[in-house]
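Heads up: the structure comes next, in structure tokens.
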Amino acid sequence: MAKRPIIKLPDPVLKTVSEPVETVDDDIRALLDDMLETMYDAPGIGLAAIQIGERKRLVTIDLSRDETPKHPHFFINPEIVWTSDEMATYEEGCLSIPEVFEEVERPAECRVRFLDRDGAECELHCDGLLATCIQHEIDHLNGVLFIDHISRLKRERVVKKFTKAKKLEATG
Ligand code: GNR
Ligand code: NI
């Protein structure tokens with residue numbers, strides 16, 4: 001396993017639409033392990049492969065935080081097959097947009113179809129933080145960030161701040 005650098009705003013890589021995984025092999029499992037290590041180290045509760053620059057439809061999630069034992073979830077080619085009419089609002093953050101937190105409204109529950117680490121087809125009913133997190137991660141696979149769900153004024157303010165910080169970094 002290896003920790004990888006996390007890609008941050010305003011890197012346009014984050015707007016990439018990721019490609020489905022064709023075969024779940026040892027290379028994919030090694031990548032999932034790198035994602036998990038990167039996510040735990042950050043620390044975060046979810047990570048999409050594009051956040052470490054890999055254009056593949058792969059997601060890791062672990063809501064257990066500092067608890068032991070750990071509860072890692074691996075999602076390959078995840079697809080939302082059902083969402084509740086009921087909505088829920090969470091204050092979201094993103095490892096690619098550090099220190100920014102905004103309320104986002106999404107379906108409160110959803111059902112996700114995906115392949116597991118062995119390539120087996122699975123479905124999982126998600127509610128609470130898991131429902132929010134899996135929707136946030138699937139957005140990443142489609143090049144969408146949580147700030148795309150907030151007001152344009154707020155979003156432009158966030159993007160400006162990160163663009164400016166990057167410029168300062170470059171000029172020293
Ligand atoms: O660590 C994370 N916390 C979080 C909190 C609320 C809603 C979504 C998330 S996901 C985020 C990690 C991340 O950026 N995943 O893409
Ligand atoms: Ni994120």
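Naming works like this for the structure tokens: A, B, ... for the chains as they're shown, residue 1 at the start of each chain, ligands 1 onward in shown order.
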
Closest contacts (region 21-128 of chain A/region 140-161 of chain A, max 7 Å, only C-alpha atoms) as a Markdown table:
| residue | atom | partner | partner_atom | distance |
| --- | --- | --- | --- | --- |
| A:Ala48 | CA | A:His140 | CA | 6.3 |
| A:Ile50 | CA | A:Leu141 | CA | 7.0 |
| A:Arg57 | CA | A:Leu141 | CA | 5.9 |
| A:Val104 | CA | A:His149 | CA | 6.5 |

Show me which residues sit within 7 Å of ligand 1 when counting only C-alpha atoms and all ligand atoms, and put them as a PyMOL selection string. chain A and resi 43-48+90-96+132-133+136-137+140

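Residues of region 35-137 of chain A that DSSP places in alpha helix (DSSP H), based on the backbone of this structure, are Met35, Leu36, Glu37, Thr38, Met39, Tyr40, Asp41, Gly128, Leu129, Leu130, Ala131, Thr132, Cys133, Ile134, Gln135, His136 and Glu137 of chain A.
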
I need the residues from that last selection saved to file as a tab-separated table (two decimals), in the first residue's frame (with all heavy atoms), if you can.
chain	number	residue	atom	x	y	z
A	35	MET	N	-5.91	3.90	-2.29
A	35	MET	CA	-6.97	4.88	-2.00
A	35	MET	C	-7.34	4.85	-0.52
A	35	MET	O	-7.50	5.90	0.12
A	35	MET	CB	-8.21	4.60	-2.85
A	35	MET	CG	-8.04	4.93	-4.32
A	35	MET	SD	-9.41	4.31	-5.32
A	35	MET	CE	-10.81	5.21	-4.61
A	36	LEU	N	-7.46	3.63	0.02
A	36	LEU	CA	-7.84	3.49	1.43
A	36	LEU	C	-6.79	4.12	2.34
A	36	LEU	O	-7.12	4.87	3.27
A	36	LEU	CB	-8.04	2.00	1.77
A	36	LEU	CG	-8.81	1.72	3.05
A	36	LEU	CD1	-10.27	2.13	2.92
A	36	LEU	CD2	-8.71	0.23	3.43
A	37	GLU	N	-5.52	3.84	2.04
A	37	GLU	CA	-4.43	4.39	2.85
A	37	GLU	C	-4.40	5.92	2.77
A	37	GLU	O	-4.24	6.61	3.78
A	37	GLU	CB	-3.08	3.81	2.39
A	37	GLU	CG	-1.94	4.24	3.30
A	37	GLU	CD	-0.63	3.53	3.00
A	37	GLU	OE1	-0.64	2.46	2.36
A	37	GLU	OE2	0.42	4.07	3.41
A	38	THR	N	-4.60	6.44	1.57
A	38	THR	CA	-4.62	7.90	1.36
A	38	THR	C	-5.78	8.53	2.13
A	38	THR	O	-5.64	9.56	2.77
A	38	THR	CB	-4.75	8.20	-0.15
A	38	THR	OG1	-3.67	7.57	-0.84
A	38	THR	CG2	-4.73	9.69	-0.43
A	39	MET	N	-6.96	7.86	2.07
A	39	MET	CA	-8.16	8.35	2.75
A	39	MET	C	-7.98	8.33	4.27
A	39	MET	O	-8.30	9.32	4.94
A	39	MET	CB	-9.35	7.47	2.35
A	39	MET	CG	-10.67	7.88	2.95
A	39	MET	SD	-11.97	6.73	2.49
A	39	MET	CE	-11.77	5.49	3.76
A	40	TYR	N	-7.44	7.23	4.82
A	40	TYR	CA	-7.25	7.14	6.27
A	40	TYR	C	-6.24	8.18	6.75
A	40	TYR	O	-6.39	8.76	7.81
A	40	TYR	CB	-6.76	5.73	6.66
A	40	TYR	CG	-7.82	4.65	6.68
A	40	TYR	CD1	-7.48	3.32	6.42
A	40	TYR	CD2	-9.16	4.94	6.99
A	40	TYR	CE1	-8.45	2.31	6.44
A	40	TYR	CE2	-10.11	3.95	7.02
A	40	TYR	CZ	-9.76	2.63	6.74
A	40	TYR	OH	-10.69	1.63	6.78
A	41	ASP	N	-5.20	8.40	5.93
A	41	ASP	CA	-4.14	9.32	6.32
A	41	ASP	C	-4.62	10.77	6.33
A	41	ASP	O	-4.13	11.58	7.10
A	41	ASP	CB	-2.94	9.16	5.38
A	41	ASP	CG	-1.79	10.07	5.77
A	41	ASP	OD1	-1.06	9.70	6.71
A	41	ASP	OD2	-1.65	11.15	5.17
A	128	GLY	N	-28.57	7.95	5.98
A	128	GLY	CA	-27.70	8.75	6.84
A	128	GLY	C	-26.46	9.25	6.12
A	128	GLY	O	-26.51	9.56	4.91
A	129	LEU	N	-25.34	9.29	6.84
A	129	LEU	CA	-24.10	9.82	6.29
A	129	LEU	C	-23.60	8.98	5.11
A	129	LEU	O	-23.00	9.51	4.16
A	129	LEU	CB	-23.04	9.90	7.40
A	129	LEU	CG	-21.71	10.56	7.04
A	129	LEU	CD1	-21.89	11.97	6.47
A	129	LEU	CD2	-20.78	10.59	8.25
A	130	LEU	N	-23.87	7.67	5.15
A	130	LEU	CA	-23.43	6.80	4.04
A	130	LEU	C	-24.10	7.20	2.73
A	130	LEU	O	-23.46	7.23	1.67
A	130	LEU	CB	-23.71	5.33	4.37
A	130	LEU	CG	-23.28	4.30	3.32
A	130	LEU	CD1	-21.78	4.39	3.03
A	130	LEU	CD2	-23.65	2.89	3.77
A	131	ALA	N	-25.40	7.54	2.80
A	131	ALA	CA	-26.12	7.96	1.58
A	131	ALA	C	-25.52	9.25	1.02
A	131	ALA	O	-25.30	9.38	-0.19
A	131	ALA	CB	-27.61	8.15	1.90
A	132	THR	N	-25.24	10.19	1.91
A	132	THR	CA	-24.62	11.46	1.47
A	132	THR	C	-23.25	11.21	0.88
A	132	THR	O	-22.91	11.72	-0.20
A	132	THR	CB	-24.50	12.42	2.68
A	132	THR	OG1	-25.81	12.86	3.02
A	132	THR	CG2	-23.65	13.63	2.37
A	133	CYS	N	-22.45	10.40	1.58
A	133	CYS	CA	-21.07	10.17	1.16
A	133	CYS	C	-21.00	9.45	-0.19
A	133	CYS	O	-20.23	9.87	-1.07
A	133	CYS	CB	-20.35	9.38	2.25
A	133	CYS	SG	-18.58	9.34	2.00
A	134	ILE	N	-21.80	8.41	-0.40
A	134	ILE	CA	-21.73	7.68	-1.67
A	134	ILE	C	-22.18	8.59	-2.83
A	134	ILE	O	-21.61	8.54	-3.92
A	134	ILE	CB	-22.50	6.33	-1.62
A	134	ILE	CG1	-22.20	5.49	-2.87
A	134	ILE	CG2	-24.00	6.51	-1.49
A	134	ILE	CD1	-20.82	4.90	-2.95
A	135	GLN	N	-23.16	9.46	-2.57
A	135	GLN	CA	-23.59	10.38	-3.63
A	135	GLN	C	-22.49	11.41	-3.94
A	135	GLN	O	-22.24	11.75	-5.10
A	135	GLN	CB	-24.90	11.08	-3.24
A	135	GLN	CG	-26.09	10.13	-3.22
A	135	GLN	CD	-27.35	10.81	-2.72
A	135	GLN	OE1	-27.96	11.60	-3.42
A	135	GLN	NE2	-27.76	10.51	-1.48
A	136	HIS	N	-21.80	11.88	-2.89
A	136	HIS	CA	-20.66	12.80	-3.06
A	136	HIS	C	-19.56	12.13	-3.90
A	136	HIS	O	-18.99	12.75	-4.80
A	136	HIS	CB	-20.17	13.19	-1.65
A	136	HIS	CG	-18.91	14.00	-1.58
A	136	HIS	ND1	-18.87	15.27	-1.03
A	136	HIS	CD2	-17.63	13.73	-1.96
A	136	HIS	CE1	-17.63	15.73	-1.09
A	136	HIS	NE2	-16.85	14.82	-1.65
A	137	GLU	N	-19.30	10.85	-3.61
A	137	GLU	CA	-18.22	10.14	-4.33
A	137	GLU	C	-18.61	9.85	-5.78
A	137	GLU	O	-17.78	9.97	-6.69
A	137	GLU	CB	-17.84	8.84	-3.61
A	137	GLU	CG	-17.41	8.97	-2.15
A	137	GLU	CD	-16.36	10.02	-1.89
A	137	GLU	OE1	-15.64	10.41	-2.83
A	137	GLU	OE2	-16.28	10.50	-0.75

All strand (DSSP E) residues (DSSP, backbone) inside chain A, as a count of residues only: 42

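Summary of the local environment: counting only C-alpha atoms, residues at most 9 Å from Cys110 (chain A), other than itself and those fewer than 3 positions away along its chain, are Ile80, Val81, Trp82, Thr83, Ser84, Pro107, Leu124, His125, Cys126, Asp127, Ala131, Thr132, Ile134 and Gln135 of chain A.
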
Would you mind exporting N, CA and C atoms of the selected residues as a PDB file, in the first residue's frame?
ATOM      1  N   ILE A  80     -26.224   4.635  -8.875  1.00  0.00           N
ATOM      2  CA  ILE A  80     -27.412   4.810  -8.035  1.00  0.00           C
ATOM      3  C   ILE A  80     -28.616   4.286  -8.804  1.00  0.00           C
ATOM      4  N   VAL A  81     -29.308   3.289  -8.231  1.00  0.00           N
ATOM      5  CA  VAL A  81     -30.448   2.683  -8.924  1.00  0.00           C
ATOM      6  C   VAL A  81     -31.785   3.138  -8.341  1.00  0.00           C
ATOM      7  N   TRP A  82     -31.735   3.804  -7.187  1.00  0.00           N
ATOM      8  CA  TRP A  82     -32.962   4.326  -6.572  1.00  0.00           C
ATOM      9  C   TRP A  82     -32.583   5.437  -5.599  1.00  0.00           C
ATOM     10  N   THR A  83     -33.408   6.498  -5.546  1.00  0.00           N
ATOM     11  CA  THR A  83     -33.244   7.526  -4.512  1.00  0.00           C
ATOM     12  C   THR A  83     -34.594   7.796  -3.860  1.00  0.00           C
ATOM     13  N   SER A  84     -34.567   8.130  -2.585  1.00  0.00           N
ATOM     14  CA  SER A  84     -35.800   8.472  -1.857  1.00  0.00           C
ATOM     15  C   SER A  84     -36.276   9.855  -2.287  1.00  0.00           C
ATOM     16  N   PRO A 107     -30.925  13.404  -1.821  1.00  0.00           N
ATOM     17  CA  PRO A 107     -31.847  12.366  -1.348  1.00  0.00           C
ATOM     18  C   PRO A 107     -31.334  11.727  -0.046  1.00  0.00           C
ATOM     19  N   LEU A 124     -26.519  -2.179  -2.279  1.00  0.00           N
ATOM     20  CA  LEU A 124     -26.504  -1.732  -0.893  1.00  0.00           C
ATOM     21  C   LEU A 124     -27.496  -0.591  -0.726  1.00  0.00           C
ATOM     22  N   HIS A 125     -28.337  -0.711   0.308  1.00  0.00           N
ATOM     23  CA  HIS A 125     -29.250   0.378   0.648  1.00  0.00           C
ATOM     24  C   HIS A 125     -28.506   1.313   1.594  1.00  0.00           C
ATOM     25  N   CYS A 126     -28.479   2.598   1.257  1.00  0.00           N
ATOM     26  CA  CYS A 126     -27.716   3.558   2.059  1.00  0.00           C
ATOM     27  C   CYS A 126     -28.645   4.605   2.656  1.00  0.00           C
ATOM     28  N   ASP A 127     -28.406   4.953   3.925  1.00  0.00           N
ATOM     29  CA  ASP A 127     -29.095   6.103   4.509  1.00  0.00           C
ATOM     30  C   ASP A 127     -28.099   6.882   5.359  1.00  0.00           C
ATOM     31  N   ALA A 131     -25.397   7.542   2.795  1.00  0.00           N
ATOM     32  CA  ALA A 131     -26.120   7.959   1.583  1.00  0.00           C
ATOM     33  C   ALA A 131     -25.516   9.251   1.024  1.00  0.00           C
ATOM     34  N   THR A 132     -25.236  10.194   1.914  1.00  0.00           N
ATOM     35  CA  THR A 132     -24.625  11.460   1.474  1.00  0.00           C
ATOM     36  C   THR A 132     -23.247  11.208   0.875  1.00  0.00           C
ATOM     37  N   ILE A 134     -21.800   8.410  -0.398  1.00  0.00           N
ATOM     38  CA  ILE A 134     -21.729   7.684  -1.672  1.00  0.00           C
ATOM     39  C   ILE A 134     -22.182   8.587  -2.826  1.00  0.00           C
ATOM     40  N   GLN A 135     -23.163   9.457  -2.570  1.00  0.00           N
ATOM     41  CA  GLN A 135     -23.591  10.382  -3.633  1.00  0.00           C
ATOM     42  C   GLN A 135     -22.491  11.411  -3.937  1.00  0.00           C
TER      43      GLN A 135
END

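Using only C-alpha atoms and all ligand atoms, the smallest distance between any of A:Leu115, A:Leu63, A:Ala2, A:Leu14 and ligand 2 comes from A:Leu14.
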